[in-house]
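Taking it in order: structure first as structure tokens, then the write-up.
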Amino acid sequence: MRTAAVSSSPDYRLPQDDLLLRETNHRCCNDLQLVVSLLGLQSRRVASEEARSALSDAAERVAVLARSRATIIQQRAPDLAATLRQVCEALQPYAEPRSILISFRIDQALNGLSANRITTLALVVNELVTNAIKHAFEEGANGRITVAVRRNAGGDVVVTVDDDGLPHPDQSGRIGNGLGLGLGLARRLMASIDGLLIAPISPAKKFELRVSMRDGPVLV
């Protein structure tokens, strides 16, 4: 019958497939939130301050992943600007007690970046902004951290993280101040999506993240 042929067409299956995918993503987000809760619980039970700090940092990284996934689920198409804006807004409460303002700027609309690359960029931006909050400003000094998004001449997505904190002697000195693990993680995350992390050379302080809009590595 004609009706049977029409009802079995791919167009009629798409809404169900989309619903299934959204349900799976929701469950993944719930699982990630459970991991965050377990890490937080464990961090309160350990006696070592170093272990407590490591568990808290791990919980926050998983929380960023969960929030980024939840943001993407709510979008009709993966949106880098909305996801990074959400990361900046989530970090602002940690910056406010130190009178640090986190601002986000996008110079042009960007469409077509995959959900995986958007989530990874969100994790790296979270890492760099968190490090700036902790290490870029003297106690009692206010300041600004700026996250910006644009496309370069080659069409790659470029995300920058900059701050107006005090100058540091050199990048290695700043890494020795507690950034080694975070920067190493950020580099590995960018490598996992064939992207680049370009660290600043003193006295510059702007980190640059580059990723191709297409599958494959960034061409330098």
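Note on naming: chains are A, B, ... as they come in the structure tokens, residues start from 1 per chain, ligands start from 1 in the order shown.
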**OP:** Could you tell me, as a list in words, which residues of region 57-160 of chain A DSSP assigns to strand (DSSP E) when given the backbone?
**Re:**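 Taking region 57-160 of chain A and keeping strand (DSSP E) only, one gets Ile100, Leu101, Ile102, Ser103, Phe104, Arg105, Ile106, Gly143, Arg144, Ile145, Thr146, Val147, Ala148, Val149, Arg150, Arg151, Val157, Val158, Val159 and Thr160 of chain A.
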How about saving the chosen residues, C-alpha atoms kept, as a PDB file, in the first residue's frame?
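The result, written out as result04.pdb:
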```pdb
ATOM      1  CA  ILE A 100      38.198  39.975  38.006  1.00  0.00           C
ATOM      2  CA  LEU A 101      35.817  40.426  35.060  1.00  0.00           C
ATOM      3  CA  ILE A 102      35.558  37.718  32.393  1.00  0.00           C
ATOM      4  CA  SER A 103      34.346  39.004  29.030  1.00  0.00           C
ATOM      5  CA  PHE A 104      33.478  37.162  25.845  1.00  0.00           C
ATOM      6  CA  ARG A 105      33.620  38.550  22.302  1.00  0.00           C
ATOM      7  CA  ILE A 106      32.889  37.002  18.923  1.00  0.00           C
ATOM      8  CA  GLY A 143      41.637  42.787  36.286  1.00  0.00           C
ATOM      9  CA  ARG A 144      40.025  41.421  33.154  1.00  0.00           C
ATOM     10  CA  ILE A 145      40.177  38.142  31.272  1.00  0.00           C
ATOM     11  CA  THR A 146      39.008  38.242  27.658  1.00  0.00           C
ATOM     12  CA  VAL A 147      37.909  35.281  25.541  1.00  0.00           C
ATOM     13  CA  ALA A 148      37.469  36.083  21.844  1.00  0.00           C
ATOM     14  CA  VAL A 149      36.524  34.071  18.762  1.00  0.00           C
ATOM     15  CA  ARG A 150      37.268  34.824  15.098  1.00  0.00           C
ATOM     16  CA  ARG A 151      38.338  33.166  11.859  1.00  0.00           C
ATOM     17  CA  VAL A 157      38.573  29.026  13.970  1.00  0.00           C
ATOM     18  CA  VAL A 158      40.769  31.017  16.348  1.00  0.00           C
ATOM     19  CA  VAL A 159      39.930  31.333  20.040  1.00  0.00           C
ATOM     20  CA  THR A 160      42.099  33.615  22.176  1.00  0.00           C
TER      21      THR A 160
END
```
**OP:** Have a look at A:Ala109, A:Leu128, A:Ala141, A:Leu166 and name the one nearest to Leu197 (chain A); count only C-alpha atoms.
**Re:** A:Leu128
Subject >> Best match for closeness to Met213 (chain A) among A:Ser43, A:Asn152, A:Thr130, A:Asn142, counting only C-alpha atoms >> reply: A:Asn152
So which residues touch Gly182 (chain A) within 12 Å, counting only C-alpha atoms, skipping near sequence neighbours fewer than 5 positions away, as an mmCIF file with all heavy atoms, in the first residue's frame?
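What follows is the written file selection_2.cif:
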```
data_model
loop_
_atom_site.group_PDB
_atom_site.id
_atom_site.type_symbol
_atom_site.label_atom_id
_atom_site.label_comp_id
_atom_site.auth_asym_id
_atom_site.auth_seq_id
_atom_site.Cartn_x
_atom_site.Cartn_y
_atom_site.Cartn_z
ATOM 1 N N ALA A 54 43.341 18.222 43.872
ATOM 2 C CA ALA A 54 43.338 17.474 42.607
ATOM 3 C C ALA A 54 41.940 16.940 42.295
ATOM 4 O O ALA A 54 41.476 16.998 41.155
ATOM 5 C CB ALA A 54 44.350 16.336 42.681
ATOM 6 N N ASP A 57 39.688 19.848 41.247
ATOM 7 C CA ASP A 57 39.981 20.256 39.874
ATOM 8 C C ASP A 57 39.382 19.268 38.876
ATOM 9 O O ASP A 57 38.818 19.668 37.843
ATOM 10 C CB ASP A 57 41.499 20.347 39.653
ATOM 11 C CG ASP A 57 42.104 21.561 40.326
ATOM 12 O OD1 ASP A 57 41.344 22.457 40.749
ATOM 13 O OD2 ASP A 57 43.349 21.610 40.458
ATOM 14 N N ALA A 58 39.500 17.976 39.177
ATOM 15 C CA ALA A 58 38.928 16.959 38.290
ATOM 16 C C ALA A 58 37.412 17.086 38.223
ATOM 17 O O ALA A 58 36.809 16.972 37.143
ATOM 18 C CB ALA A 58 39.317 15.559 38.783
ATOM 19 N N ARG A 61 36.465 19.962 35.950
ATOM 20 C CA ARG A 61 36.654 19.646 34.527
ATOM 21 C C ARG A 61 35.513 18.787 34.006
ATOM 22 O O ARG A 61 35.029 18.992 32.894
ATOM 23 C CB ARG A 61 37.995 18.942 34.325
ATOM 24 C CG ARG A 61 39.187 19.885 34.452
ATOM 25 C CD ARG A 61 40.488 19.157 34.596
ATOM 26 N NE ARG A 61 41.601 20.078 34.764
ATOM 27 C CZ ARG A 61 42.657 19.841 35.528
ATOM 28 N NH1 ARG A 61 42.745 18.709 36.208
ATOM 29 N NH2 ARG A 61 43.621 20.733 35.627
ATOM 30 N N LEU A 123 36.493 22.934 27.080
ATOM 31 C CA LEU A 123 37.346 22.416 28.149
ATOM 32 C C LEU A 123 38.678 23.176 28.213
ATOM 33 O O LEU A 123 39.169 23.502 29.293
ATOM 34 C CB LEU A 123 37.602 20.924 27.924
ATOM 35 C CG LEU A 123 36.444 19.980 28.237
ATOM 36 C CD1 LEU A 123 36.719 18.595 27.670
ATOM 37 C CD2 LEU A 123 36.208 19.897 29.732
ATOM 38 N N VAL A 124 39.266 23.452 27.050
ATOM 39 C CA VAL A 124 40.555 24.152 27.020
ATOM 40 C C VAL A 124 40.394 25.593 27.492
ATOM 41 O O VAL A 124 41.212 26.099 28.277
ATOM 42 C CB VAL A 124 41.169 24.101 25.608
ATOM 43 C CG1 VAL A 124 42.464 24.915 25.564
ATOM 44 C CG2 VAL A 124 41.443 22.659 25.201
ATOM 45 N N VAL A 125 39.345 26.271 27.042
ATOM 46 C CA VAL A 125 39.102 27.652 27.486
ATOM 47 C C VAL A 125 38.886 27.674 28.994
ATOM 48 O O VAL A 125 39.408 28.549 29.698
ATOM 49 C CB VAL A 125 37.892 28.258 26.746
ATOM 50 C CG1 VAL A 125 37.437 29.558 27.414
ATOM 51 C CG2 VAL A 125 38.248 28.513 25.287
ATOM 52 N N ASN A 126 38.128 26.714 29.518
ATOM 53 C CA ASN A 126 37.933 26.632 30.964
ATOM 54 C C ASN A 126 39.271 26.501 31.687
ATOM 55 O O ASN A 126 39.511 27.152 32.711
ATOM 56 C CB ASN A 126 37.044 25.440 31.298
ATOM 57 C CG ASN A 126 36.877 25.236 32.789
ATOM 58 O OD1 ASN A 126 36.094 25.897 33.452
ATOM 59 N ND2 ASN A 126 37.634 24.299 33.347
ATOM 60 N N GLU A 127 40.155 25.663 31.148
ATOM 61 C CA GLU A 127 41.463 25.445 31.763
ATOM 62 C C GLU A 127 42.286 26.732 31.782
ATOM 63 O O GLU A 127 42.867 27.110 32.811
ATOM 64 C CB GLU A 127 42.199 24.352 30.977
ATOM 65 C CG GLU A 127 43.273 23.642 31.753
ATOM 66 C CD GLU A 127 42.720 22.790 32.882
ATOM 67 O OE1 GLU A 127 41.655 22.161 32.714
ATOM 68 O OE2 GLU A 127 43.354 22.767 33.946
ATOM 69 N N LEU A 128 42.323 27.438 30.657
ATOM 70 C CA LEU A 128 43.141 28.644 30.556
ATOM 71 C C LEU A 128 42.576 29.786 31.393
ATOM 72 O O LEU A 128 43.328 30.517 32.046
ATOM 73 C CB LEU A 128 43.253 29.070 29.088
ATOM 74 C CG LEU A 128 43.986 28.079 28.157
ATOM 75 C CD1 LEU A 128 43.951 28.591 26.716
ATOM 76 C CD2 LEU A 128 45.420 27.862 28.616
ATOM 77 N N VAL A 129 41.259 29.949 31.389
ATOM 78 C CA VAL A 129 40.654 31.027 32.182
ATOM 79 C C VAL A 129 40.823 30.742 33.680
ATOM 80 O O VAL A 129 41.142 31.639 34.463
ATOM 81 C CB VAL A 129 39.161 31.206 31.831
ATOM 82 C CG1 VAL A 129 38.496 32.198 32.777
ATOM 83 C CG2 VAL A 129 39.020 31.688 30.391
ATOM 84 N N THR A 130 40.619 29.488 34.076
ATOM 85 C CA THR A 130 40.807 29.118 35.483
ATOM 86 C C THR A 130 42.237 29.385 35.928
ATOM 87 O O THR A 130 42.481 29.913 37.021
ATOM 88 C CB THR A 130 40.457 27.627 35.698
ATOM 89 O OG1 THR A 130 39.096 27.415 35.360
ATOM 90 C CG2 THR A 130 40.674 27.226 37.145
ATOM 91 N N ASN A 131 43.215 29.037 35.084
ATOM 92 C CA ASN A 131 44.614 29.300 35.411
ATOM 93 C C ASN A 131 44.878 30.795 35.550
ATOM 94 O O ASN A 131 45.633 31.228 36.420
ATOM 95 C CB ASN A 131 45.529 28.708 34.331
ATOM 96 C CG ASN A 131 45.655 27.198 34.464
ATOM 97 O OD1 ASN A 131 45.433 26.631 35.524
ATOM 98 N ND2 ASN A 131 45.998 26.544 33.368
ATOM 99 N N ALA A 132 44.249 31.596 34.683
ATOM 100 C CA ALA A 132 44.431 33.057 34.770
ATOM 101 C C ALA A 132 43.844 33.592 36.072
ATOM 102 O O ALA A 132 44.447 34.448 36.724
ATOM 103 C CB ALA A 132 43.781 33.733 33.565
ATOM 104 N N LYS A 134 43.617 32.052 38.866
ATOM 105 C CA LYS A 134 44.450 31.609 39.989
ATOM 106 C C LYS A 134 45.828 32.263 40.013
ATOM 107 O O LYS A 134 46.374 32.525 41.090
ATOM 108 C CB LYS A 134 44.623 30.087 39.935
ATOM 109 C CG LYS A 134 43.364 29.303 40.227
ATOM 110 C CD LYS A 134 43.650 27.808 40.153
ATOM 111 C CE LYS A 134 42.428 26.974 40.502
ATOM 112 N NZ LYS A 134 42.704 25.512 40.393
ATOM 113 N N HIS A 135 46.398 32.519 38.833
ATOM 114 C CA HIS A 135 47.825 32.853 38.792
ATOM 115 C C HIS A 135 48.191 34.194 38.154
ATOM 116 O O HIS A 135 49.323 34.651 38.322
ATOM 117 C CB HIS A 135 48.590 31.755 38.042
ATOM 118 C CG HIS A 135 48.409 30.383 38.610
ATOM 119 N ND1 HIS A 135 48.982 29.981 39.796
ATOM 120 C CD2 HIS A 135 47.697 29.321 38.158
ATOM 121 C CE1 HIS A 135 48.649 28.723 40.050
ATOM 122 N NE2 HIS A 135 47.866 28.304 39.070
ATOM 123 N N ARG A 174 55.874 31.157 34.609
ATOM 124 C CA ARG A 174 54.461 31.131 34.962
ATOM 125 C C ARG A 174 53.965 29.693 35.083
ATOM 126 O O ARG A 174 53.167 29.370 35.945
ATOM 127 C CB ARG A 174 53.653 31.886 33.913
ATOM 128 C CG ARG A 174 52.223 32.167 34.345
ATOM 129 C CD ARG A 174 51.536 33.037 33.329
ATOM 130 N NE ARG A 174 50.140 33.229 33.653
ATOM 131 C CZ ARG A 174 49.267 33.802 32.860
ATOM 132 N NH1 ARG A 174 49.660 34.243 31.682
ATOM 133 N NH2 ARG A 174 48.015 33.946 33.222
ATOM 134 N N ILE A 175 54.463 28.825 34.230
ATOM 135 C CA ILE A 175 54.085 27.424 34.308
ATOM 136 C C ILE A 175 54.572 26.823 35.630
ATOM 137 O O ILE A 175 53.865 26.059 36.276
ATOM 138 C CB ILE A 175 54.677 26.630 33.119
ATOM 139 C CG1 ILE A 175 54.017 27.075 31.820
ATOM 140 C CG2 ILE A 175 54.512 25.136 33.303
ATOM 141 C CD1 ILE A 175 54.663 26.526 30.580
ATOM 142 N N GLY A 176 55.758 27.208 36.049
ATOM 143 C CA GLY A 176 56.281 26.721 37.315
ATOM 144 C C GLY A 176 55.446 27.175 38.488
ATOM 145 O O GLY A 176 55.549 26.643 39.581
ATOM 146 N N ASN A 177 54.611 28.163 38.283
ATOM 147 C CA ASN A 177 53.753 28.698 39.329
ATOM 148 C C ASN A 177 52.498 27.859 39.527
ATOM 149 O O ASN A 177 51.607 28.243 40.250
ATOM 150 C CB ASN A 177 53.340 30.130 38.946
ATOM 151 C CG ASN A 177 53.433 31.056 40.128
ATOM 152 O OD1 ASN A 177 53.842 30.649 41.203
ATOM 153 N ND2 ASN A 177 53.056 32.300 39.925
ATOM 154 N N ARG A 187 47.124 21.271 25.915
ATOM 155 C CA ARG A 187 47.809 20.884 24.673
ATOM 156 C C ARG A 187 47.317 19.524 24.171
ATOM 157 O O ARG A 187 47.079 19.330 22.978
ATOM 158 C CB ARG A 187 49.325 20.819 24.915
ATOM 159 C CG ARG A 187 49.993 22.179 25.067
ATOM 160 C CD ARG A 187 51.506 22.012 25.103
ATOM 161 N NE ARG A 187 52.189 23.239 25.427
ATOM 162 C CZ ARG A 187 52.402 24.237 24.578
ATOM 163 N NH1 ARG A 187 51.975 24.135 23.338
ATOM 164 N NH2 ARG A 187 53.054 25.327 24.969
ATOM 165 N N ARG A 188 47.158 18.571 25.086
ATOM 166 C CA ARG A 188 46.702 17.239 24.679
ATOM 167 C C ARG A 188 45.264 17.286 24.159
ATOM 168 O O ARG A 188 44.921 16.587 23.203
ATOM 169 C CB ARG A 188 46.817 16.263 25.857
ATOM 170 C CG ARG A 188 48.263 15.887 26.192
ATOM 171 C CD ARG A 188 48.322 14.702 27.130
ATOM 172 N NE ARG A 188 47.790 15.011 28.447
ATOM 173 C CZ ARG A 188 48.491 15.550 29.430
ATOM 174 N NH1 ARG A 188 49.770 15.866 29.243
ATOM 175 N NH2 ARG A 188 47.937 15.789 30.602
ATOM 176 N N LEU A 189 44.436 18.098 24.794
ATOM 177 C CA LEU A 189 43.053 18.226 24.326
ATOM 178 C C LEU A 189 43.008 18.810 22.917
ATOM 179 O O LEU A 189 42.266 18.330 22.061
ATOM 180 C CB LEU A 189 42.250 19.107 25.287
ATOM 181 C CG LEU A 189 41.842 18.461 26.607
ATOM 182 C CD1 LEU A 189 41.317 19.519 27.579
ATOM 183 C CD2 LEU A 189 40.789 17.379 26.387
#
```
Subject >> Pick from A:Ala95, A:Ala115, A:Ile201, A:Val64 nearest to Phe137 (chain A), counting only C-alpha atoms >> reply: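 Once distances to Phe137 (chain A) are computed over only C-alpha atoms, the minimum belongs to A:Ala95.
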**OP:** Write out as a ChimeraX atom specification each polymer residue whose atoms come within 10 Å of Arg117 (chain A), counting only C-alpha atoms; drop sequence neighbours fewer than 6 positions from it.
**Re:** /A:78,80,123,189-190,192-195,211-213,215
**OP:** Can you work out the spacing between CA of Gln42 (chain A) and CA of Leu183 (chain A) in Å, to one decimal?
**Re:**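 Separating CA of Gln42 (chain A) from CA of Leu183 (chain A) is a distance of 25.0 Å.
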Original post:
Interatomic distance between CA of Leu113 (chain A) and CA of Ala81 (chain A)?
Top reply: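 Atom-to-atom, CA of Leu113 (chain A) and CA of Ala81 (chain A) are spaced 10.7 Å apart.
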